[in-house]
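Trainee: One structure is given below, represented as structure tokens, and several questions about it will come after.
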Amino acid sequence: MIRKGIILAGGNSSRLHPVTLSISKQLMPVYDKPMVYYPLSTLMLGEIIDILVITRPEEQGLFQSLLRDGSQWGIRIRYAVQPKPRGLADAFLVAEEFVAGDPVALILGDNIFYSEGLSKLVRSAASLDRGACVCAYYVKDPSQYGVVEFGNDGQIKSLEEKPTSPKSSYALAGLYFYDSQVCHIAREIRPSARGELEITAVNQAYLEQGALKVEILGRGTAWLDTGTHDSLLEASNFVATIERRQGLKVCCPEEIAFRQGYITDEQLDALARPLSHTEYGQYLLGLLKENKEYLSESGPICSAQVRVAVP
């Protein structure tokens, strides 16, 4: 079972200039939360609670101020810097000491996943003993992504990075799961024509070993890549629509930590009180009130059992 995760929040986010000239994209808001809360929540839902956040050197202090060491959410957060963007696979070279020969998950800091079954999906993918597991999502324009082609037997036939003539409409989403070989494999690959260490090359190595699996993200799942101004706005509108309609937060680390049993009622109260003047803080206090009412009706149970964690 994978217990370690990497959030890659480096890069210069040039497609979002001038907005990102002075701040990391992953610290920008997606509706009511910093963007980095969304990939963090995805890992937490999958019970991956030892996390390394990779940032640009000049922005590490900002992430530390926001996320701290994770103990407020019952998890562990550490930090590393990527001096310059050298491709997604470079994350495993930066994180080699953190990985320490263990299996690990990688999620991109600007990717948002939403699904009723997200927790189950992440836990399933994180349960691998050997090999790697990638997530594929049907998109209108796959040429902007890594693309996976399937054979007649449903198995992975080929992988391509941003092909001009995609062989399928299934893009590789920014969530990957690897066994203990991944750092060694990342060290063996060579930069692409773009001068980057491509994650597709890592996945290709596992494919050649016959050790690459895929999880298809179906129609009931939303995958949002916030790399452009339009997609960032669309993501904020999507989250706002869900939250207004349901009255439930999307990717709220405090709520996930509480419902997963990582923190107690008292710890959640301590997180909520300083925010009580905000709608966000009132939501957290509402969780406590709901939990107390449930316990008074049902008797003593673990607070994490009250309701399934929402994505």
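Chain labels A, B, ... are given in the sequence in which chains occur in the structure tokens; within each chain residues are numbered consecutively from 1, and ligands are likewise numbered from 1 in the order shown.
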Quick one: residues within 7 Å of Ala272 of chain A, only C-alpha atoms, excluding same-chain residues fewer than 2 positions away - as a ChimeraX atom specification?
Mentor: /A:268-270,274-276,281,284-285
Trainee: I need the residues of segment 17-161 of chain A that end up classed as alpha helix (DSSP H) by DSSP on the backbone, written out as number ranges by chain.
Mentor: A: 37-45, 60-67, 90-94, 96-99, 118-125
Trainee: Using backbone DSSP assignments, extract all strand (DSSP E) residues from segment 2-211 of chain A; output them as a PyMOL selection string.
Mentor: chain A and resi 4-9+29-30+33-34+50-55+76-81+104-108+111-114+132-138+146-150+156-161+170-178
Trainee: Between A:Gln155, A:Ser41, A:Gln60, A:Asn111, single out the one closest to Thr228 of chain A, counting only C-alpha atoms.
Mentor: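 Nearest candidate to Thr228 of chain A out of A:Gln155, A:Ser41, A:Gln60, A:Asn111: A:Asn111.
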Trainee: Between A:Gly87, A:Tyr31, A:Tyr38, A:Ala126, which has the minimum distance to Arg3 of chain A (counting only C-alpha atoms)?
Mentor: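 Between A:Gly87, A:Tyr31, A:Tyr38, A:Ala126, the residue approaching Arg3 of chain A most closely is A:Ala126.
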Trainee: Show me, as a PyMOL selection string, the residues that have an atom within 8 Å of Leu271 of chain A when counting only C-alpha atoms, minus same-chain residues fewer than 4 positions from it.
Mentor: chain A and resi 72+254+267+275
Trainee: With only C-alpha atoms as the atoms that count, which of A:Val30, A:Ile199, A:Ile49, A:Ala9 lies nearest to Ser231 of chain A?
Mentor: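 Closest to Ser231 of chain A, using only C-alpha atoms: A:Val30.
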Trainee: Which is closer to Met1 of chain A than all the others in A:Arg86, A:Arg259, A:Lys25, A:Arg130, using only C-alpha atoms?
Mentor: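 For Met1 of chain A, the nearest of the given residues is A:Arg130.
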